[in-house]
Amino acid sequence: MLEKISETFNYLQNEGIKHPEIGIILGTGLGKLVYEIKIEKSIEYKDIPNFPLATVEFHSGKLVYGKLAGKQVLAMQGRFHYYEGYSMQEITFPVRVFKKLGIKYLLLSNAAGAMNLNLKKGSLMLIDDHINMLPENPLRGQNLEEFGPRFPDMSQPYSVEINKKLLQVAVDNNIILNKGVYICVQGPNLETRAEYRYLHATGADVVGMSTVPEVIVANHMGLPCAAISVITDECDPEHLKPVDIAEIIAVAGEAEKDLIVLYKKLVATL
């Protein structure tokens, strides 16, 4: 693993990616933030040594480096998921590389379904905490002592400081930013009525299939992070209807306008 990280690090440095300050991982239907970046370098995942390939059709699969709100950022336009068949180590590999390249903060986004029916389709939720229901952990196996401890603390997986800044940015820009708990499941199928009841009963407000592995690895390395969910569907088990993935992508794209404002204004303050 360390050899692969070093190989990828050296490749990206040779491509001119040398001093990123902030890492960004963009979720399903949420890639337009890169259009706000003054791009200096854009690399296809397939050209990066040891990088997995994004197999989901609405994930672009590009690593974008440049300036956003005056800061040097490194953004993944498309992420990797457990349901694609990758191991947790492969899914979180880019986060390890980002840290080695020097990022100080990690920002993430995802599309999620709301089990808390006070959260409406098209709204945003700041993740305050999460529940991990994936069948594997990215820290399983030999610990990478160079990056962090064997038993990392997860009492506050999302940065209190960054979350406060995001909530203030939302107020300043008249954006409604809810706060709640995200639960991560394996996927790729959506949930049954009984599963939505069960997941909501655990204390989760929204459900999705990503983000948690990257956040675990970020915490292992002492990397402050924040994540926002775009609510793309309402998961009411008493009135559940078949979900159209195209509609989910459309809702994500519409709500992304506010997400872009939040992250662009936040980056300026970090």
# chains A, B, ... in the order shown; residues from 1 in each chain; ligands from 1
>>> residues_around(residues="Ala250 in chain A", least_positions_apart="6", cutoff="12 Å", atoms="only C-alpha atoms", output="PyMOL selection string")
chain A and resi 28-30+58+111+121-122+230-233+244+256
>>> write_last_selection(atoms="C-alpha atoms", output="mmCIF file, in the first residue's frame")
data_model
loop_
_atom_site.group_PDB
_atom_site.id
_atom_site.type_symbol
_atom_site.label_atom_id
_atom_site.label_comp_id
_atom_site.auth_asym_id
_atom_site.auth_seq_id
_atom_site.Cartn_x
_atom_site.Cartn_y
_atom_site.Cartn_z
ATOM 1 C CA THR A 28 -23.526 11.306 -7.532
ATOM 2 C CA GLY A 29 -24.824 14.032 -9.860
ATOM 3 C CA LEU A 30 -22.716 16.623 -8.048
ATOM 4 C CA PHE A 58 -22.966 9.619 -14.051
ATOM 5 C CA ALA A 111 -26.793 12.126 -2.787
ATOM 6 C CA LYS A 121 -36.387 16.419 -1.745
ATOM 7 C CA GLY A 122 -33.960 19.001 -3.115
ATOM 8 C CA VAL A 230 -28.200 16.462 -1.165
ATOM 9 C CA ILE A 231 -31.627 14.971 -0.476
ATOM 10 C CA THR A 232 -32.711 13.389 -3.746
ATOM 11 C CA ASP A 233 -35.720 11.362 -2.608
ATOM 12 C CA ASP A 244 -36.315 6.765 -11.006
ATOM 13 C CA GLU A 256 -26.203 21.476 -6.386
#
>>> select_by_dssp(residues="range 79-140 of chain A", states="strand (DSSP E or B)", output="list of chain:residue names")
A:Tyr105, A:Leu106, A:Leu107, A:Leu108, A:Ser109, A:Asn110, A:Ala111, A:Ala112, A:Gly113, A:Ala114, A:Leu124, A:Met125, A:Leu126, A:Ile127, A:Asp128, A:Asp129, A:His130, A:Ile131, A:Asn132
>>> write_last_selection(atoms="N, CA and C atoms", output="PDB file, in the first residue's frame")
ATOM      1  N   TYR A 105      -7.578  20.003   4.568  1.00  0.00           N
ATOM      2  CA  TYR A 105      -9.010  19.795   4.816  1.00  0.00           C
ATOM      3  C   TYR A 105      -9.582  18.918   3.708  1.00  0.00           C
ATOM      4  N   LEU A 106     -10.636  18.165   4.049  1.00  0.00           N
ATOM      5  CA  LEU A 106     -11.325  17.334   3.069  1.00  0.00           C
ATOM      6  C   LEU A 106     -12.818  17.654   3.105  1.00  0.00           C
ATOM      7  N   LEU A 107     -13.374  17.999   1.933  1.00  0.00           N
ATOM      8  CA  LEU A 107     -14.803  18.295   1.800  1.00  0.00           C
ATOM      9  C   LEU A 107     -15.442  17.238   0.904  1.00  0.00           C
ATOM     10  N   LEU A 108     -16.611  16.740   1.327  1.00  0.00           N
ATOM     11  CA  LEU A 108     -17.277  15.681   0.578  1.00  0.00           C
ATOM     12  C   LEU A 108     -18.735  16.037   0.322  1.00  0.00           C
ATOM     13  N   SER A 109     -19.317  15.413  -0.704  1.00  0.00           N
ATOM     14  CA  SER A 109     -20.749  15.558  -0.959  1.00  0.00           C
ATOM     15  C   SER A 109     -21.301  14.212  -1.394  1.00  0.00           C
ATOM     16  N   ASN A 110     -22.598  14.041  -1.206  1.00  0.00           N
ATOM     17  CA  ASN A 110     -23.245  12.814  -1.663  1.00  0.00           C
ATOM     18  C   ASN A 110     -24.726  13.065  -1.912  1.00  0.00           C
ATOM     19  N   ALA A 111     -25.338  12.140  -2.627  1.00  0.00           N
ATOM     20  CA  ALA A 111     -26.793  12.126  -2.787  1.00  0.00           C
ATOM     21  C   ALA A 111     -27.346  11.126  -1.778  1.00  0.00           C
ATOM     22  N   ALA A 112     -28.456  11.473  -1.116  1.00  0.00           N
ATOM     23  CA  ALA A 112     -28.992  10.608  -0.067  1.00  0.00           C
ATOM     24  C   ALA A 112     -30.512  10.651  -0.073  1.00  0.00           C
ATOM     25  N   GLY A 113     -31.104   9.585   0.469  1.00  0.00           N
ATOM     26  CA  GLY A 113     -32.548   9.525   0.636  1.00  0.00           C
ATOM     27  C   GLY A 113     -32.926   9.881   2.060  1.00  0.00           C
ATOM     28  N   ALA A 114     -34.001  10.655   2.221  1.00  0.00           N
ATOM     29  CA  ALA A 114     -34.405  11.136   3.549  1.00  0.00           C
ATOM     30  C   ALA A 114     -35.430  10.202   4.186  1.00  0.00           C
ATOM     31  N   LEU A 124     -30.684  20.366   1.489  1.00  0.00           N
ATOM     32  CA  LEU A 124     -29.320  19.986   1.862  1.00  0.00           C
ATOM     33  C   LEU A 124     -29.263  19.625   3.340  1.00  0.00           C
ATOM     34  N   MET A 125     -28.397  18.653   3.676  1.00  0.00           N
ATOM     35  CA  MET A 125     -28.179  18.302   5.073  1.00  0.00           C
ATOM     36  C   MET A 125     -26.690  18.217   5.372  1.00  0.00           C
ATOM     37  N   LEU A 126     -26.243  18.970   6.348  1.00  0.00           N
ATOM     38  CA  LEU A 126     -24.870  18.905   6.839  1.00  0.00           C
ATOM     39  C   LEU A 126     -24.756  17.665   7.726  1.00  0.00           C
ATOM     40  N   ILE A 127     -23.805  16.808   7.436  1.00  0.00           N
ATOM     41  CA  ILE A 127     -23.661  15.586   8.232  1.00  0.00           C
ATOM     42  C   ILE A 127     -22.948  15.912   9.548  1.00  0.00           C
ATOM     43  N   ASP A 128     -23.648  15.673  10.644  1.00  0.00           N
ATOM     44  CA  ASP A 128     -23.093  15.911  11.981  1.00  0.00           C
ATOM     45  C   ASP A 128     -22.465  14.642  12.551  1.00  0.00           C
ATOM     46  N   ASP A 129     -22.964  13.478  12.104  1.00  0.00           N
ATOM     47  CA  ASP A 129     -22.462  12.192  12.581  1.00  0.00           C
ATOM     48  C   ASP A 129     -22.927  11.124  11.602  1.00  0.00           C
ATOM     49  N   HIS A 130     -22.355   9.923  11.729  1.00  0.00           N
ATOM     50  CA  HIS A 130     -22.784   8.865  10.815  1.00  0.00           C
ATOM     51  C   HIS A 130     -22.874   7.516  11.518  1.00  0.00           C
ATOM     52  N   ILE A 131     -23.555   6.589  10.848  1.00  0.00           N
ATOM     53  CA  ILE A 131     -23.642   5.194  11.273  1.00  0.00           C
ATOM     54  C   ILE A 131     -23.124   4.353  10.110  1.00  0.00           C
ATOM     55  N   ASN A 132     -22.167   3.478  10.404  1.00  0.00           N
ATOM     56  CA  ASN A 132     -21.532   2.682   9.359  1.00  0.00           C
ATOM     57  C   ASN A 132     -22.126   1.273   9.341  1.00  0.00           C
TER      58      ASN A 132
END
>>> atom_distance(atom1="CA of Val97 in chain A", atom2="CA of Ser6 in chain A")
7.9 Å
>>> closest_residue(among="A:Leu177, A:Leu12, A:Ser42, A:Glu195", to="Ser123 in chain A", atoms="only C-alpha atoms")
A:Leu177
>>> residues_around(residues="Ile39 in chain A", least_positions_apart="2", cutoff="8 Å", atoms="only C-alpha atoms", output="short mmCIF file (atom, residue, chain, number, x, y, z; two decimals) with C-alpha atoms, in the first residue's frame")
data_model
loop_
_atom_site.label_atom_id
_atom_site.label_comp_id
_atom_site.auth_asym_id
_atom_site.auth_seq_id
_atom_site.Cartn_x
_atom_site.Cartn_y
_atom_site.Cartn_z
CA ILE A 37 -12.35 25.94 -10.38
CA LYS A 41 -4.56 20.31 -14.53
CA SER A 42 -7.23 17.71 -15.26
CA VAL A 64 -9.09 18.30 -11.20
CA TYR A 65 -6.41 20.62 -9.78
CA GLY A 66 -6.62 24.42 -9.66
CA LYS A 67 -7.78 27.51 -7.81
#
>>> closest_residue(among="A:His19, A:Lys120, A:Lys265, A:Lys164", to="Val206 in chain A", atoms="only C-alpha atoms")
A:Lys120
>>> atom_distance(atom1="CA of Lys46 in chain A", atom2="CA of Phe98 in chain A")
17.2 Å
>>> atom_distance(atom1="CA of Ile22 in chain A", atom2="CA of Asn50 in chain A")
21.4 Å
>>> closest_residue(among="A:Arg193, A:Lys18, A:His239, A:Lys264", to="Lys100 in chain A", atoms="only C-alpha atoms")
A:Lys18
>>> closest_residue(among="A:Val34, A:Met221, A:Leu270, A:Ile216", to="Met154 in chain A", atoms="only C-alpha atoms")
A:Ile216
>>> closest_residue(among="A:Leu101, A:Glu214, A:Ile162, A:Arg79", to="Glu21 in chain A", atoms="only C-alpha atoms")
A:Leu101
>>> select_by_dssp(residues="range 71-148 of chain A", states="alpha helix (DSSP H)", output="VMD selection string")
chain A and resid 88 to 101
>>> residues_around(residues="Glu161 in chain A", least_positions_apart="3", cutoff="12 Å", atoms="only C-alpha atoms", output="PyMOL selection string")
chain A and resi 105+128+156-158+164-168+224-226+266+269-270
>>> residues_around(residues="Phe93 in chain A", least_positions_apart="2", cutoff="10 Å", atoms="only C-alpha atoms", output="PyMOL selection string")
chain A and resi 1+4-5+8+50-52+80+87-91+95-98+138+214+217
>>> write_last_selection(atoms="C-alpha atoms", output="CSV table (one decimal), in the first residue's frame")
chain,number,residue,atom,x,y,z
A,1,MET,CA,0.0,0.0,0.0
A,4,LYS,CA,1.4,2.4,-4.3
A,5,ILE,CA,0.7,5.6,-2.5
A,8,THR,CA,0.8,7.8,-7.3
A,50,ASN,CA,-3.2,2.7,-8.9
A,51,PHE,CA,-6.4,4.7,-9.1
A,52,PRO,CA,-9.6,2.7,-9.5
A,80,PHE,CA,-15.7,5.0,-5.9
A,87,SER,CA,-12.2,-3.0,-1.6
A,88,MET,CA,-12.4,-0.4,1.1
A,89,GLN,CA,-8.7,0.2,0.7
A,90,GLU,CA,-9.2,1.0,-3.0
A,91,ILE,CA,-12.1,3.3,-2.3
A,95,VAL,CA,-7.7,10.2,0.4
A,96,ARG,CA,-4.3,8.7,1.4
A,97,VAL,CA,-2.7,10.2,-1.6
A,98,PHE,CA,-4.4,13.6,-1.0
A,138,PRO,CA,-11.0,0.6,5.3
A,214,GLU,CA,-13.4,8.3,3.2
A,217,VAL,CA,-9.6,7.2,6.7
>>> closest_residue(among="A:Pro242, A:Gly78, A:Pro213, A:Gly27", to="Met133 in chain A", atoms="only C-alpha atoms")
A:Pro213
>>> residues_around(residues="Tyr45 in chain A", least_positions_apart="5", cutoff="8 Å", atoms="only C-alpha atoms", output="PyMOL selection string")
chain A and resi 51-54+61-63
>>> write_last_selection(atoms="C-alpha atoms", output="PDB file, in the first residue's frame")
ATOM      1  CA  PHE A  51      -6.383   4.702  -9.128  1.00  0.00           C
ATOM      2  CA  PRO A  52      -9.591   2.682  -9.512  1.00  0.00           C
ATOM      3  CA  LEU A  53     -11.964   3.615 -12.334  1.00  0.00           C
ATOM      4  CA  ALA A  54     -15.382   5.156 -11.690  1.00  0.00           C
ATOM      5  CA  GLY A  61     -13.815  10.033 -13.390  1.00  0.00           C
ATOM      6  CA  LYS A  62     -11.483  13.020 -13.420  1.00  0.00           C
ATOM      7  CA  LEU A  63      -9.027  14.502 -10.952  1.00  0.00           C
TER       8      LEU A  63
END
>>> residues_around(residues="Gly187 in chain A", least_positions_apart="6", cutoff="10 Å", atoms="only C-alpha atoms", output="ChimeraX atom specification")
/A:81-84,134,208-210
>>> write_last_selection(atoms="C-alpha atoms", output="PDB file, in the first residue's frame")
ATOM      1  CA  HIS A  81     -18.245   2.849  -4.113  1.00  0.00           C
ATOM      2  CA  TYR A  82     -18.162  -0.504  -2.363  1.00  0.00           C
ATOM      3  CA  TYR A  83     -20.990  -1.760  -4.589  1.00  0.00           C
ATOM      4  CA  GLU A  84     -18.759  -1.328  -7.647  1.00  0.00           C
ATOM      5  CA  LEU A 134     -20.873  -1.417   5.458  1.00  0.00           C
ATOM      6  CA  GLY A 208     -26.639   6.644   1.236  1.00  0.00           C
ATOM      7  CA  MET A 209     -23.895   4.386  -0.143  1.00  0.00           C
ATOM      8  CA  SER A 210     -20.693   6.428   0.223  1.00  0.00           C
TER       9      SER A 210
END
